[in-house]
Amino acid sequence: MSSLTNKQILLGVTGGIAAYKSAELVRRLRERGASVRVVMTAAAREFMTPLTFQALSGHPVHTDLLDPAAEAAMGHIELARWADLVLIAPASANFIARLAEGRGDDLLSTLCLATRAPLALAPAMNQGMWDNAATRENLDRLRQRQILLLGPGEGSQACGETGPGRMLEPAALAEAAAAQFETGALAGRRVVITAGPTREAIDPVRYLSNHSSGKMGYALARAAMEAGASVTLISGPTALPAPERVNLIRVTSAEEMYRECLEHAPRCDLFIGAAAVADYRPRAYQSQKIKKGSDEQLTLELVKNPDIIAAVAGLDARPFTVGFAAESEQLEDYARRKLIQKNLNAIIANDISREGLGFNSDDNAVILIDARSAIPLGPQSKQQLARELIARLARSLHEPA
Ligand code: C5P
């Protein structure tokens with residue numbers, strides 16, 4: 001059974017008798033670890049009550065576009081950003097038509113326009129409506145926009161007819177939703193990722209470090225694992241739980257991270273340096289706690305740490321090497337310089353001056369830079385961004401240098 005751990009699924013319920021099955025779908029998605037938020041159209045509320053979905057999802061159901069209270073709690077743009085996947089089940093013929101036209105005349109259609117997450121539809125309708133030329137044309141348009149169609153199945157219908165148009169069963173839909181995240185783009189590849197800060201010990205109680213949370217590196221490790229890679233995550237001290245199915249190696253200092261990276265990098269295909277490695281460490285570690293003296297000043301002598309990513313990029317059998325550049329000004333310029341200086345294949349440039357993004361936050365916006373291009377990505381959640389970065393880096397791995 002594929003996992004949906006850490007996945008955020010926005011379930012859109014539109015008007016159709018199959019809406020009763022969506023109640024079970026919420027349970028199936030949550031069983032696999034997803035967190036689910038439900039949006040219902042007005043027609044859906046003729047078939048089921050929001051209370052049912054609220055009880056099953058554990059969250060209030062979203063129904064109106066222009067409801068100030070709901071917008072204050074989690075606005076429609078926030079919801080659109082929150083979703084890792086938007087799953088519309090059941091998707092009625094009417095909703096499919098509105099989606100094909102790109103309408104934004106209620107909350108769910110607006111969300112579908114606003115989101116960057118993949119969209120999947122589980123159509124459910126009478127077989128005559130399914131076969132209608134108008135529905136077929138609408139579906140063709142949606143397929144061209146890479147919208148995923150799940151089903152429908154065939155069989156007896158609530159209207160008494162038999163044929164295509166039945167919504168797929170909740171278990172099959174939950175499986176299809178999980179499969180969405182397992183792309184196989186890095187199947188058979190080995191990936192090494194560094195994450196988090198490093199700590200440079202001064203004495204038994206003190207150290208030098210930085211504010212890196214490790215979130216971006218951990219998100220990349222999860223995304224690479226979902227893409228089928230075998231992943232080693234070499235992490236400085238963070239408060240984050242170990243990602244599932246990832247070989248996590250915990251280190252403290254830059255020197256330890258350096259040793260582990262040089263041990264693992266030569267056998268990997270892709271190396272991503274997301275760690276905020278301390279540039280300097282104290283020249284000498286004091287084995288006894290430094291006592292406060294009478295002097296007003298204390299001088300700490302620092303020496304440079306090894307540049308881990310430059311060392312990896314300098315290996316004879318070097319992996320495809322990707323670094324990060326956290327900058328507060330002249331983002332692309334400085335990042336390009338780093339790309340060349342460190343001999344990297346690509347660099348992910350991060351503007352740390354933007355409020356609510358980057359260091360220690362859940363969202364990020366970056367520019368993915370290589371010798372040929374500079375592609376802005378986000379702002380979006382670090383996990384969604386990580387998936388997009390992994391998909392793009394996986395493609396670059398296949399391209400000739
Ligand atoms: O030189 P700067 O620290 O800005 O470069 C950032 C990139 O280099 C990141 O990918 C970081 O993980 C990596 N780095 C490293 N070893 C260091 C310093 C930075 O691998 N000592």
# chains A, B, ... in the order shown; residues from 1 in each chain; ligands from 1

call {"tool": "select_by_dssp", "arguments": {"residues": "stretch 120-260 of chain A", "states": "strand (DSSP E or B)", "output": "JSON, numbers by chain"}}
result
{"A": [120, 121, 122, 123, 148, 149, 153, 154, 155, 156, 162, 163, 164, 165, 166, 190, 191, 192, 193, 194, 195, 197, 200, 201, 207, 208, 230, 231, 232, 233, 234, 235, 247, 248, 249, 250]}

call {"tool": "write_last_selection", "arguments": {"atoms": "C-alpha atoms", "output": "compact mmCIF listing (two decimals), in the first residue's frame"}}
result
# COMPACT_ATOMS: atom_id res chain seq x y z
CA ALA A 120 -7.17 14.68 -10.39
CA LEU A 121 -10.81 14.05 -11.26
CA ALA A 122 -12.97 11.06 -10.44
CA PRO A 123 -15.94 11.55 -12.75
CA LEU A 148 -5.56 13.35 -14.40
CA LEU A 149 -8.73 11.33 -14.90
CA GLY A 153 -15.82 2.56 -13.72
CA GLU A 154 -18.61 0.66 -15.43
CA GLY A 155 -21.59 -1.09 -13.88
CA SER A 156 -25.02 -0.50 -12.49
CA THR A 162 -25.84 0.19 -16.63
CA GLY A 163 -22.68 1.52 -18.29
CA PRO A 164 -19.66 3.78 -17.80
CA GLY A 165 -19.95 6.63 -15.31
CA ARG A 166 -19.63 5.06 -11.87
CA ARG A 190 21.36 7.02 -5.52
CA VAL A 191 20.92 10.46 -4.03
CA VAL A 192 22.88 12.08 -1.18
CA ILE A 193 21.47 15.21 0.43
CA THR A 194 22.92 17.37 3.20
CA ALA A 195 20.56 19.32 5.45
CA PRO A 197 22.94 23.58 10.29
CA GLU A 200 30.99 23.98 15.81
CA ALA A 201 31.91 23.26 19.42
CA TYR A 207 28.90 26.10 20.01
CA LEU A 208 28.64 28.27 16.89
CA SER A 230 17.68 5.37 -2.68
CA VAL A 231 18.37 8.37 -0.47
CA THR A 232 21.05 9.13 2.12
CA LEU A 233 20.34 12.24 4.15
CA ILE A 234 23.33 13.62 6.03
CA SER A 235 21.86 15.97 8.56
CA ASN A 247 18.98 6.47 5.27
CA LEU A 248 19.47 9.24 7.83
CA ILE A 249 23.00 9.91 9.08
CA ARG A 250 23.15 12.42 11.89

call {"tool": "residues_near_ligand", "arguments": {"ligand": "ligand 1", "cutoff": "6 Å", "atoms": "only C-alpha atoms and all ligand atoms", "output": "PyMOL selection string"}}
result
chain A and resi 273-277+279+305-309+323-325

call {"tool": "closest_residue", "arguments": {"among": "A:Ala42, A:Leu150, A:Leu377, A:Ala317", "to": "A:Asp106", "atoms": "only C-alpha atoms"}}
result
A:Ala42

call {"tool": "residues_around", "arguments": {"residues": "stretch 79-90 of chain A", "least_positions_apart": "5", "cutoff": "6 Å", "atoms": "only C-alpha atoms", "output": "list in words"}}
result
Gln8, Ile9, Leu10, Leu11, Gly12, Val13, Thr14, Ala19, Leu111, Ala114, Thr115, Ala117, Pro118, Leu119, Ala120, Leu121, Ala122, Pro123 and Ala124 of chain A

call {"tool": "residues_around", "arguments": {"residues": "A:Gln54", "least_positions_apart": "2", "cutoff": "12 Å", "atoms": "only C-alpha atoms", "output": "list of chain:residue names"}}
result
A:Leu11, A:Ala23, A:Val26, A:Arg27, A:Val36, A:Arg37, A:Val38, A:Val39, A:Met40, A:Met48, A:Thr49, A:Pro50, A:Leu51, A:Thr52, A:Leu56, A:Ser57, A:Gly58, A:His59, A:Pro60, A:Val61, A:His62, A:Thr63
